[in-house]
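> This is start_9.cif (mmCIF, C-alpha atoms).
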```
data_work
loop_
_atom_site.label_atom_id
_atom_site.label_comp_id
_atom_site.auth_asym_id
_atom_site.auth_seq_id
_atom_site.Cartn_x
_atom_site.Cartn_y
_atom_site.Cartn_z
CA MET A 394 5.40 29.10 61.29
CA GLY A 395 3.23 26.14 62.24
CA ASP A 396 0.34 28.39 63.34
CA TYR A 397 -1.12 28.34 59.83
CA PHE A 398 -1.73 24.58 59.73
CA MET A 399 -4.95 22.90 60.79
CA HIS A 400 -4.60 20.95 64.03
CA ASN A 401 -4.86 17.44 62.59
CA TYR A 402 -1.27 16.36 63.31
CA ARG A 403 0.42 15.82 66.65
CA ARG A 404 3.78 17.17 65.55
CA LEU A 405 7.04 16.58 67.37
CA PRO A 406 9.14 19.69 68.22
CA VAL A 407 11.58 19.69 65.31
CA MET A 408 11.68 21.41 61.89
CA PHE A 409 13.76 19.89 59.10
CA VAL A 410 15.53 21.81 56.37
CA LYS A 411 17.77 19.22 54.68
CA GLY A 412 18.20 15.50 54.17
CA GLU A 413 21.09 13.34 53.04
CA GLY A 414 21.04 9.54 52.96
CA THR A 415 19.71 8.27 56.28
CA TRP A 416 20.11 11.69 57.90
CA LEU A 417 17.87 14.72 58.41
CA PHE A 418 19.08 18.13 59.60
CA ASP A 419 16.93 20.64 61.48
CA ASN A 420 16.81 24.44 61.34
CA ASN A 421 19.29 24.61 64.24
CA GLY A 422 21.90 22.48 62.51
CA ARG A 423 21.25 19.36 64.57
CA LYS A 424 21.25 15.97 62.87
CA TYR A 425 19.00 12.95 63.21
CA LEU A 426 19.13 9.36 62.00
CA ASP A 427 15.87 8.76 60.16
CA PHE A 428 14.39 5.34 60.96
CA THR A 429 10.99 6.41 59.56
CA SER A 430 11.59 7.10 55.84
CA GLY A 431 8.66 9.53 56.02
CA ILE A 432 6.48 6.52 56.99
CA ALA A 433 7.94 4.14 54.39
CA VAL A 434 8.09 6.79 51.65
CA ASN A 435 11.79 7.73 51.30
CA CYS A 436 12.76 4.13 50.66
CA LEU A 437 16.10 5.10 49.06
CA GLY A 438 16.87 7.69 51.72
CA HIS A 439 17.12 11.43 51.33
CA ASN A 440 18.69 13.16 48.36
CA TYR A 441 19.50 9.85 46.62
CA PRO A 442 21.62 11.04 43.66
CA PRO A 443 20.03 8.96 40.85
CA LEU A 444 16.58 9.97 42.10
CA VAL A 445 17.52 13.65 42.26
CA LYS A 446 18.93 13.50 38.73
CA ALA A 447 15.85 11.76 37.31
CA VAL A 448 13.49 14.29 38.91
CA CYS A 449 15.55 17.27 37.75
CA ASP A 450 15.95 15.90 34.23
CA GLN A 451 12.22 15.29 33.92
CA ALA A 452 11.35 18.70 35.39
CA ALA A 453 13.47 20.25 32.66
CA ARG A 454 11.42 18.36 30.03
CA TYR A 455 7.83 18.79 31.29
CA PHE A 456 6.09 18.76 34.68
CA HIS A 457 2.66 17.43 33.84
CA CYS A 458 0.63 15.93 31.04
CA SER A 459 -3.14 15.40 31.07
CA ASN A 460 -4.34 11.81 30.83
CA TYR A 461 -6.21 12.84 27.68
CA TYR A 462 -2.83 12.17 26.08
CA GLN A 463 0.05 9.74 26.42
CA SER A 464 3.25 10.52 28.30
CA ASP A 465 6.46 8.77 27.31
CA ILE A 466 7.80 8.61 30.86
CA ALA A 467 4.49 7.44 32.38
CA ALA A 468 4.24 4.72 29.73
CA ALA A 469 7.77 3.55 30.53
CA PHE A 470 6.99 3.52 34.25
CA ALA A 471 3.74 1.58 33.78
CA GLU A 472 5.51 -1.05 31.67
CA LYS A 473 8.30 -1.45 34.22
CA LEU A 474 5.89 -1.58 37.16
CA VAL A 475 3.66 -4.24 35.60
CA ALA A 476 6.76 -6.28 34.78
CA ALA A 477 7.91 -6.02 38.41
CA CYS A 478 4.50 -7.27 39.56
CA THR A 479 4.02 -9.96 36.92
CA PRO A 480 5.23 -12.73 39.29
CA GLY A 481 2.31 -11.71 41.53
CA GLY A 482 -0.15 -12.12 38.64
CA MET A 483 -0.55 -8.50 37.52
CA LYS A 484 -1.41 -7.55 33.94
CA ASN A 485 -1.98 -3.78 33.84
CA VAL A 486 -2.05 -0.67 36.03
CA PHE A 487 -3.94 2.51 36.84
CA LEU A 488 -1.59 5.22 38.10
CA ALA A 489 -2.84 7.30 41.03
CA ASN A 490 -1.13 9.78 43.34
CA SER A 491 -1.82 8.41 46.84
CA GLY A 492 -2.53 5.23 48.73
CA ALA A 493 -6.10 6.20 49.59
CA GLU A 494 -6.80 6.99 45.95
CA ALA A 495 -5.32 3.65 44.90
CA ASN A 496 -7.52 1.84 47.42
CA GLU A 497 -10.61 3.68 46.21
CA GLY A 498 -9.79 2.40 42.73
CA ALA A 499 -9.46 -1.16 44.00
CA CYS A 500 -12.88 -1.01 45.66
CA LYS A 501 -14.46 0.31 42.45
CA ILE A 502 -12.87 -2.49 40.41
CA ALA A 503 -14.25 -5.15 42.78
CA ARG A 504 -17.76 -3.72 42.72
CA LYS A 505 -17.93 -3.27 38.96
CA TYR A 506 -16.49 -6.75 38.35
CA SER A 507 -19.25 -8.34 40.41
CA LEU A 508 -22.01 -6.08 39.11
CA LYS A 509 -21.27 -6.82 35.46
CA LYS A 510 -20.88 -10.56 36.04
CA TYR A 511 -23.54 -11.28 38.68
CA GLY A 512 -25.84 -8.26 38.80
CA PRO A 513 -26.82 -6.04 41.78
CA GLY A 514 -26.43 -7.09 45.41
CA ARG A 515 -22.96 -8.60 45.26
CA HIS A 516 -21.03 -5.51 46.37
CA THR A 517 -19.71 -6.18 49.90
CA ILE A 518 -15.95 -5.91 50.50
CA VAL A 519 -14.47 -7.84 53.42
CA THR A 520 -11.50 -6.33 55.27
CA LEU A 521 -9.71 -7.11 58.53
CA ARG A 522 -9.89 -5.61 61.99
CA GLY A 523 -6.72 -3.67 62.67
CA SER A 524 -6.44 -2.70 59.01
CA PHE A 525 -5.75 0.77 57.67
CA HIS A 526 -6.75 1.60 54.10
CA GLY A 527 -6.90 5.40 54.05
CA ARG A 528 -8.70 8.53 55.27
CA THR A 529 -11.30 9.23 52.60
CA ILE A 530 -14.89 8.39 53.53
CA THR A 531 -14.76 5.10 51.59
CA THR A 532 -11.29 4.02 52.68
CA LEU A 533 -12.18 4.88 56.28
CA ALA A 534 -15.16 2.56 55.85
CA ALA A 535 -12.72 -0.11 54.65
CA THR A 536 -10.46 0.49 57.65
CA GLY A 537 -11.20 -1.95 60.46
CA GLN A 538 -10.38 0.37 63.36
CA GLU A 539 -13.14 2.20 65.21
CA LYS A 540 -10.81 4.94 66.44
CA PHE A 541 -10.60 6.31 62.90
CA HIS A 542 -14.37 6.26 62.42
CA LYS A 543 -15.26 8.63 65.25
CA ASP A 544 -16.96 11.86 64.12
CA PHE A 545 -16.96 11.16 60.36
CA GLY A 546 -20.00 9.01 59.63
CA PRO A 547 -22.08 8.06 57.83
CA PHE A 548 -19.64 6.04 55.77
CA THR A 549 -19.85 4.28 52.45
CA GLU A 550 -21.84 1.12 53.09
CA GLY A 551 -20.88 -2.40 52.11
CA PHE A 552 -17.80 -3.18 54.24
CA VAL A 553 -17.54 -6.10 56.68
CA TYR A 554 -14.67 -6.74 59.13
CA ILE A 555 -13.27 -10.01 60.44
CA ASP A 556 -10.30 -10.82 62.67
CA SER A 557 -6.92 -11.54 61.09
CA GLY A 558 -6.15 -15.24 61.13
CA ASP A 559 -9.73 -16.35 61.81
CA ARG A 560 -10.32 -18.86 59.04
CA ASP A 561 -13.79 -19.81 60.27
CA ALA A 562 -14.89 -16.16 60.17
CA LEU A 563 -13.29 -15.83 56.74
CA GLU A 564 -15.24 -18.79 55.38
CA LYS A 565 -18.50 -17.37 56.73
CA ALA A 566 -17.85 -13.79 55.58
CA LEU A 567 -16.98 -14.66 51.99
CA ASP A 568 -20.56 -15.21 50.86
CA ALA A 569 -20.56 -15.78 47.11
CA LYS A 570 -24.00 -14.16 46.85
CA THR A 571 -23.05 -10.82 48.45
CA VAL A 572 -19.26 -10.34 48.44
CA ALA A 573 -17.28 -8.73 45.63
CA GLY A 574 -13.79 -8.64 47.14
CA LEU A 575 -11.51 -9.49 50.05
CA PHE A 576 -9.05 -6.67 50.84
CA ILE A 577 -6.02 -7.56 52.97
CA GLU A 578 -2.83 -5.87 54.13
CA THR A 579 -0.30 -8.70 53.92
CA VAL A 580 1.51 -7.04 56.81
CA GLN A 581 -0.67 -4.63 58.80
CA GLY A 582 1.44 -1.53 59.38
CA GLU A 583 -0.41 1.22 61.21
CA SER A 584 -1.80 -1.14 63.84
CA GLY A 585 1.66 -2.42 64.79
CA VAL A 586 3.34 -4.50 62.03
CA TYR A 587 1.39 -7.74 62.11
CA PRO A 588 2.12 -10.18 59.25
CA GLN A 589 -0.71 -12.45 58.14
CA SER A 590 -0.16 -16.18 58.62
CA GLN A 591 0.53 -18.54 55.74
CA GLU A 592 -2.57 -20.56 56.65
CA PHE A 593 -4.85 -17.53 56.58
CA ILE A 594 -3.63 -16.23 53.21
CA GLU A 595 -3.75 -19.72 51.72
CA GLU A 596 -7.34 -20.13 52.86
CA ALA A 597 -8.19 -16.67 51.53
CA ALA A 598 -6.74 -17.54 48.13
CA ARG A 599 -8.65 -20.83 48.02
CA LEU A 600 -12.01 -19.35 48.98
CA CYS A 601 -11.69 -16.38 46.64
CA ALA A 602 -10.79 -18.64 43.72
CA GLU A 603 -13.65 -21.06 44.41
CA ARG A 604 -16.26 -18.31 44.89
CA ASP A 605 -15.01 -15.88 42.22
CA ILE A 606 -14.36 -13.15 44.79
CA LEU A 607 -11.53 -10.77 43.96
CA LEU A 608 -8.47 -11.31 46.15
CA MET A 609 -7.03 -7.84 46.72
CA PHE A 610 -3.87 -6.91 48.58
CA ASP A 611 -3.21 -3.44 50.02
CA GLU A 612 0.58 -3.15 49.80
CA ILE A 613 0.70 0.60 50.33
CA GLN A 614 3.16 0.27 53.22
CA CYS A 615 4.48 -3.29 52.95
CA GLY A 616 5.06 -3.33 49.19
CA VAL A 617 7.85 -2.04 46.92
CA GLY A 618 10.47 -4.19 48.66
CA ARG A 619 9.76 -3.16 52.25
CA THR A 620 9.50 -6.75 53.52
CA GLY A 621 12.33 -8.21 51.40
CA THR A 622 10.33 -9.18 48.31
CA PHE A 623 9.01 -6.65 45.83
CA LEU A 624 5.44 -7.52 46.80
CA ALA A 625 4.95 -8.80 50.34
CA TYR A 626 2.33 -11.33 49.30
CA GLU A 627 4.91 -13.07 47.11
CA GLN A 628 6.11 -14.71 50.34
CA TYR A 629 2.86 -16.68 50.65
CA ARG A 630 1.92 -19.84 48.79
CA TYR A 631 -1.23 -21.47 47.47
CA ASN A 632 -1.32 -24.91 45.84
CA GLY A 633 2.46 -25.10 46.08
CA ALA A 634 3.10 -21.87 44.15
CA PRO A 635 3.34 -18.19 45.12
CA VAL A 636 -0.05 -16.57 45.70
CA LYS A 637 -1.49 -14.63 42.77
CA ALA A 638 -3.66 -11.58 43.38
CA ASP A 639 -6.55 -10.16 41.40
CA VAL A 640 -5.84 -6.57 42.50
CA VAL A 641 -2.93 -4.97 44.36
CA THR A 642 -2.42 -1.38 45.48
CA LEU A 643 0.90 0.42 45.95
CA ALA A 644 1.98 3.90 47.05
CA LYS A 645 4.33 5.34 49.74
CA GLY A 646 7.80 4.19 48.57
CA LEU A 647 6.72 3.75 44.95
CA ALA A 648 8.41 6.97 43.80
CA GLY A 649 10.92 7.38 46.62
CA GLY A 650 9.40 10.58 48.05
CA ILE A 651 7.32 11.96 45.17
CA PRO A 652 3.56 11.35 45.59
CA ALA A 653 2.55 8.28 43.58
CA GLY A 654 0.09 5.43 43.83
CA ALA A 655 -0.97 2.51 41.69
CA VAL A 656 -3.76 -0.03 41.29
CA LEU A 657 -2.61 -3.16 39.48
CA ALA A 658 -5.02 -5.74 38.12
CA GLY A 659 -4.60 -9.42 37.36
CA GLU A 660 -6.26 -11.33 34.56
CA LYS A 661 -9.78 -11.31 36.05
CA ALA A 662 -9.80 -7.57 36.72
CA ALA A 663 -7.61 -6.22 33.93
CA ASP A 664 -10.51 -5.21 31.67
CA VAL A 665 -13.02 -4.03 34.28
CA PHE A 666 -12.51 -0.29 33.85
CA ALA A 667 -13.76 1.37 30.67
CA PRO A 668 -13.11 4.98 29.57
CA GLY A 669 -14.73 7.36 32.04
CA ASP A 670 -15.00 4.84 34.90
CA HIS A 671 -12.11 6.23 36.91
CA GLY A 672 -9.47 8.94 36.71
CA SER A 673 -6.88 11.04 38.49
CA THR A 674 -5.67 14.48 37.46
CA PHE A 675 -2.19 13.89 38.85
CA GLY A 676 -2.05 10.12 38.34
CA GLY A 677 0.94 9.18 36.20
CA ASN A 678 2.54 12.59 36.74
CA PRO A 679 5.78 12.65 34.69
CA ILE A 680 8.00 13.65 37.62
CA ALA A 681 6.55 10.89 39.79
CA ALA A 682 6.97 8.42 36.93
CA ALA A 683 10.62 9.41 36.47
CA ALA A 684 11.24 8.91 40.18
CA GLY A 685 9.33 5.63 40.14
CA LEU A 686 11.53 4.26 37.39
CA VAL A 687 14.60 4.83 39.56
CA VAL A 688 12.94 3.06 42.49
CA LEU A 689 12.00 0.07 40.34
CA GLU A 690 15.42 -0.19 38.73
CA THR A 691 17.10 -0.04 42.15
CA VAL A 692 14.79 -2.07 44.37
CA ASN A 693 13.51 -4.85 42.11
CA ASN A 694 16.81 -6.67 42.20
CA PRO A 695 17.36 -9.99 44.06
CA ALA A 696 20.61 -8.87 45.69
CA PHE A 697 19.11 -5.55 46.81
CA LEU A 698 16.02 -7.26 48.23
CA ALA A 699 18.18 -9.81 50.03
CA GLU A 700 19.97 -6.93 51.76
CA ILE A 701 16.65 -5.59 53.01
CA THR A 702 15.94 -8.96 54.59
CA ARG A 703 19.44 -9.18 56.07
CA LYS A 704 19.27 -5.70 57.60
CA GLY A 705 15.85 -6.34 59.08
CA THR A 706 17.03 -9.61 60.61
CA MET A 707 20.08 -7.80 61.99
CA ILE A 708 17.92 -5.12 63.65
CA MET A 709 15.49 -7.55 65.25
CA ALA A 710 18.25 -9.87 66.48
CA ALA A 711 20.12 -6.95 68.05
CA ILE A 712 17.02 -5.69 69.87
CA ARG A 713 16.15 -9.14 71.18
CA ALA A 714 19.71 -9.57 72.42
CA TRP A 715 19.30 -6.58 74.73
CA ASN A 716 16.87 -8.51 76.94
CA HIS A 717 15.58 -5.08 77.92
CA PRO A 718 12.93 -5.18 80.66
CA ALA A 719 10.83 -2.54 78.87
CA ILE A 720 10.53 -4.61 75.66
CA GLN A 721 7.57 -6.98 75.46
CA ASP A 722 7.88 -8.17 71.86
CA VAL A 723 9.80 -7.56 68.61
CA ARG A 724 8.35 -8.54 65.23
CA GLY A 725 8.50 -7.62 61.59
CA ARG A 726 9.54 -8.50 58.09
CA GLY A 727 12.43 -6.92 56.27
CA LEU A 728 12.72 -3.27 57.21
CA MET A 729 9.20 -3.09 58.66
CA ILE A 730 9.67 -3.61 62.38
CA ALA A 731 7.64 -3.12 65.57
CA ILE A 732 8.67 -3.13 69.22
CA ASP A 733 6.04 -3.47 71.93
CA ILE A 734 7.06 -1.74 75.16
CA ASP A 735 5.66 -1.55 78.68
CA ARG A 736 4.87 2.16 78.55
CA ASP A 737 3.49 4.86 76.26
CA ALA A 738 5.46 5.09 73.02
CA TRP A 739 5.15 8.84 72.44
CA PRO A 740 7.59 9.93 75.20
CA VAL A 741 10.21 7.65 73.63
CA LEU A 742 9.78 9.46 70.30
CA GLU A 743 10.24 12.74 72.14
CA ALA A 744 13.31 11.48 74.00
CA THR A 745 15.12 10.22 70.90
CA ILE A 746 14.60 13.62 69.29
CA ALA A 747 15.58 15.54 72.43
CA ARG A 748 18.88 13.67 72.52
CA ALA A 749 20.08 15.90 69.67
CA GLU A 750 19.25 18.96 71.75
CA GLY A 751 21.64 17.99 74.51
CA THR A 752 18.87 17.80 77.10
CA HIS A 753 19.97 14.36 78.25
CA ALA A 754 23.58 15.32 79.06
CA PHE A 755 24.94 13.83 75.84
CA GLY A 756 26.28 17.10 74.48
CA MET A 757 25.38 19.06 71.37
CA ASP A 758 27.60 16.89 69.17
CA LYS A 759 25.24 13.94 69.59
CA CYS A 760 22.62 13.07 67.01
CA GLY A 761 18.96 12.30 67.51
CA LEU A 762 16.87 9.42 66.22
CA LEU A 763 13.52 9.49 64.42
CA ILE A 764 11.17 6.56 65.01
CA LEU A 765 7.42 6.06 64.81
CA SER A 766 4.65 4.80 67.03
CA ALA A 767 1.90 2.36 66.12
CA GLY A 768 -0.73 2.39 68.80
CA GLN A 769 -0.19 3.47 72.38
CA LYS A 770 2.65 1.15 73.38
CA THR A 771 4.31 0.14 70.12
CA LEU A 772 7.37 1.65 68.45
CA ARG A 773 7.66 1.24 64.69
CA MET A 774 10.76 1.45 62.51
CA LEU A 775 10.74 1.83 58.71
CA PRO A 776 14.33 2.84 57.84
CA PRO A 777 15.44 3.49 54.27
CA TYR A 778 16.68 0.45 52.36
CA THR A 779 20.01 2.20 51.83
CA ILE A 780 20.82 2.41 55.55
CA SER A 781 24.29 1.12 56.43
CA ASP A 782 25.14 -1.39 59.12
CA SER A 783 27.00 1.27 61.08
CA GLU A 784 23.97 3.58 60.94
CA ILE A 785 21.78 0.74 62.16
CA GLU A 786 24.12 0.17 65.10
CA GLN A 787 24.25 3.88 65.90
CA GLY A 788 20.47 4.24 65.81
CA LEU A 789 19.89 1.17 67.94
CA GLU A 790 22.38 2.43 70.50
CA ILE A 791 20.38 5.64 70.81
CA LEU A 792 17.12 3.73 71.16
CA HIS A 793 18.58 1.40 73.79
CA THR A 794 19.77 4.38 75.82
CA MET A 795 16.40 6.15 75.62
CA LEU A 796 14.21 3.20 76.67
#
```
Please express the file's structure as structure tokens.


Amino acid sequence: MGDYFMHNYRRLPVMFVKGEGTWLFDNNGRKYLDFTSGIAVNCLGHNYPPLVKAVCDQAARYFHCSNYYQSDIAAAFAEKLVAACTPGGMKNVFLANSGAEANEGACKIARKYSLKKYGPGRHTIVTLRGSFHGRTITTLAATGQEKFHKDFGPFTEGFVYIDSGDRDALEKALDAKTVAGLFIETVQGESGVYPQSQEFIEEAARLCAERDILLMFDEIQCGVGRTGTFLAYEQYRYNGAPVKADVVTLAKGLAGGIPAGAVLAGEKAADVFAPGDHGSTFGGNPIAAAAGLVVLETVNNPAFLAEITRKGTMIMAAIRAWNHPAIQDVRGRGLMIAIDIDRDAWPVLEATIARAEGTHAFGMDKCGLLILSAGQKTLRMLPPYTISDSEIEQGLEILHTML
């Protein structure tokens, strides 16, 4: 069946037909613990009953409503989402349907803000090496990894890259005469789960405030509770208080498996867009909004977020306790975890899947494990927030055996 797809994915040899909680089941009846959440998307696991009910109930009402008009469910979602992000300084939201689309919106906000206030020439956006902001021509330009640039130029101009943590380079790059925005992943995901330092974010917040450059956080992967706070940048401080952003983007887990994205704006940027400046046919889709409400009501809860932190700490402590010779480093925040190993990561992904096939003498009654890679020698885990302690232990046992 896969012969009809373009060849842009390196797919592993398994086809899924059903999901339930932390488990996926393939077309041969084998089962797999899912430590990927569809790359941080299925944050409440598979077939989460309140999510299923909300989607079905909304589908029975109406599937889609043009943004020429107002939608009751989209309005409710927007209100709830802005409220969830108010501690981070957000005032309003544009609803999109993907992370790349959300990041495009953020770049447009930064450029229009500077153009209207300072005139032409102040349009550069500074991002970090190792970043990943999307696969459109503009978000590829924003992405600070050359391997993604090959074959697709020329790109949208006006992006400059600096190294994470380099405060001297940051100070030099943030030229008040040419720069509109600084765009940062609080925790870089695709490049291997690298959290930014407190000192770097604090300096970024100071310089952006002093030079009237928009401070923008890409929380596509690390947001919506993934790191143990609703927004990952809430864990950083500036002038003794939590950092406030001018723009933040969200997607992936925002609607628990239904495509959804968002660009939120703080006070400086809240009134930048005017009618006709930006749009999205599917942005604010009623089914996505219904799903998003369930995610917000479930995740944006102190006790729930504390459990994410506890589970992540449990996973990392258990892996470190192995003292496995193949493991070079373990790092992460919440349920966003990376393991550097001394060999290529891809064969490990294949082995943890093959375990369910009985090819490693475990028997057909054994389950497989789904994990991710991030670079050549890094394993990445993004399990659903609803994973149980016993499922964590079972998955880690599989991983330990396969290393």

> For segment 453-466 of chain A, please output as an MDAnalysis selection string all residues within 7 Å (counting all atoms listed in the file; exclusion window: fewer than 2 positions along the same chain).

chainID A and resid 449:451 468:470 674 678:680 682:683

> Next, write the just-selected residues to a file, as a compact mmCIF listing (two decimals), keeping the file's coordinate frame, keeping C-alpha atoms as the atom set.


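Listing of part_18.txt after writing:
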```txt
# COMPACT_ATOMS: atom_id res chain seq x y z
CA CYS A 449 15.55 17.27 37.75
CA ASP A 450 15.95 15.90 34.23
CA GLN A 451 12.22 15.29 33.92
CA ALA A 468 4.24 4.72 29.73
CA ALA A 469 7.77 3.55 30.53
CA PHE A 470 6.99 3.52 34.25
CA THR A 674 -5.67 14.48 37.46
CA ASN A 678 2.54 12.59 36.74
CA PRO A 679 5.78 12.65 34.69
CA ILE A 680 8.00 13.65 37.62
CA ALA A 682 6.97 8.42 36.93
CA ALA A 683 10.62 9.41 36.47
```

> Identify, on the basis of all atoms listed in the file, every residue whose closest approach to Arg619 of chain A does not exceed 8 Å; exclude the query and any residue fewer than 3 positions from it along the same chain; express the result as a VMD selection string.

chain A and resid 433 614 to 616 622 to 623 625 701 726 to 729 778

> Nearest residue to Arg713 of chain A out of A:Val636, A:Leu789, A:Met774, A:Leu508, using all atoms listed in the file?

A:Leu789

> What box, with edges along x, y and z, holds each listed atom of segment 661-679 of chain A when 8 Å is added on every side, and can you state its centre and edge lengths in Å to one decimal, as AutoDock Vina command-line options?


```
--center_x -4.6 --center_y 1.6 --center_z 34.2 --size_x 36.8 --size_y 41.8 --size_z 25.3
```

> Tell me which of A:Gly633, A:Gly574, A:Gly650, A:Gly788 sits closest to Lys501 of chain A, counting all atoms listed in the file.

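Going through A:Gly633, A:Gly574, A:Gly650, A:Gly788 one by one, the smallest distance to Lys501 of chain A is for A:Gly574.
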
> Once the PyMOL selection byres ((chain A and resi 661) around 9) has been evaluated on this model, what residues remain selected, and can you format them as JSON, numbers by chain?

{"A": [506, 607, 639, 640, 658, 659, 660, 662, 663, 664, 665]}

> List the neighbours of Asn694 of chain A out to 10 Å using only C-alpha atoms; skip same-chain residues closer than 2 positions along the sequence, and give me the result as a VMD selection string.

chain A and resid 477 618 622 to 623 689 to 692 696 to 699

> Rank nothing, just name the residue among A:Thr745, A:Asn716, A:Asn401, A:Thr579 nearest to Glu790 of chain A, using all atoms listed in the file.

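Nearest candidate to Glu790 of chain A out of A:Thr745, A:Asn716, A:Asn401, A:Thr579: A:Thr745.
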
> May I ask which of the residues A:Leu600, A:Glu592, A:Leu647, A:Val641 is the closest one to Tyr629 of chain A, counting only C-alpha atoms?

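Distance minimum relative to Tyr629 of chain A lands on A:Glu592.
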
> Could you give me, as an mmCIF file with C-alpha atoms, in the frame of the given file, the residues that sit within 8 Å of (-16.4, -7.1, 52.3) in the file's coordinates, counting all atoms listed in the file?


```
data_model
loop_
_atom_site.group_PDB
_atom_site.id
_atom_site.type_symbol
_atom_site.label_atom_id
_atom_site.label_comp_id
_atom_site.auth_asym_id
_atom_site.auth_seq_id
_atom_site.Cartn_x
_atom_site.Cartn_y
_atom_site.Cartn_z
ATOM 1 C CA HIS A 516 -21.030 -5.510 46.370
ATOM 2 C CA THR A 517 -19.710 -6.180 49.900
ATOM 3 C CA ILE A 518 -15.950 -5.910 50.500
ATOM 4 C CA VAL A 519 -14.470 -7.840 53.420
ATOM 5 C CA THR A 520 -11.500 -6.330 55.270
ATOM 6 C CA GLY A 551 -20.880 -2.400 52.110
ATOM 7 C CA PHE A 552 -17.800 -3.180 54.240
ATOM 8 C CA VAL A 553 -17.540 -6.100 56.680
ATOM 9 C CA TYR A 554 -14.670 -6.740 59.130
ATOM 10 C CA ALA A 566 -17.850 -13.790 55.580
ATOM 11 C CA LEU A 567 -16.980 -14.660 51.990
ATOM 12 C CA VAL A 572 -19.260 -10.340 48.440
ATOM 13 C CA ALA A 573 -17.280 -8.730 45.630
ATOM 14 C CA GLY A 574 -13.790 -8.640 47.140
ATOM 15 C CA LEU A 575 -11.510 -9.490 50.050
ATOM 16 C CA PHE A 576 -9.050 -6.670 50.840
#
```

> Counting all atoms listed in the file, which residues sit no farther than 12 Å from the position (7.0, -8.3, 68.8) in the file's frame? I'd like them as a VMD selection string.

chain A and resid 585 to 588 709 to 710 712 to 713 720 to 726 729 to 734 770 to 773

> Could you please determine the separation between atom CA of Leu763 of chain A and atom CA of Val617 of chain A in Å, to one decimal place?

21.7 Å

> With all atoms listed in the file as the basis for distance, which of A:Gly685, A:Pro777, A:Gly414, A:Gly646 is at the shortest distance from Ala447 of chain A?

A:Gly685

> Have a look at A:Glu539, A:Glu497, A:Glu564, A:Glu627 and name the one nearest to Ser584 of chain A; count only C-alpha atoms.

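Comparing A:Glu539, A:Glu497, A:Glu564, A:Glu627 against Ser584 of chain A, the winner is A:Glu539.
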
> Grab the atom CA of Ala749 of chain A to atom CA of Arg423 of chain A distance for me, in Å with one decimal place.

6.3 Å
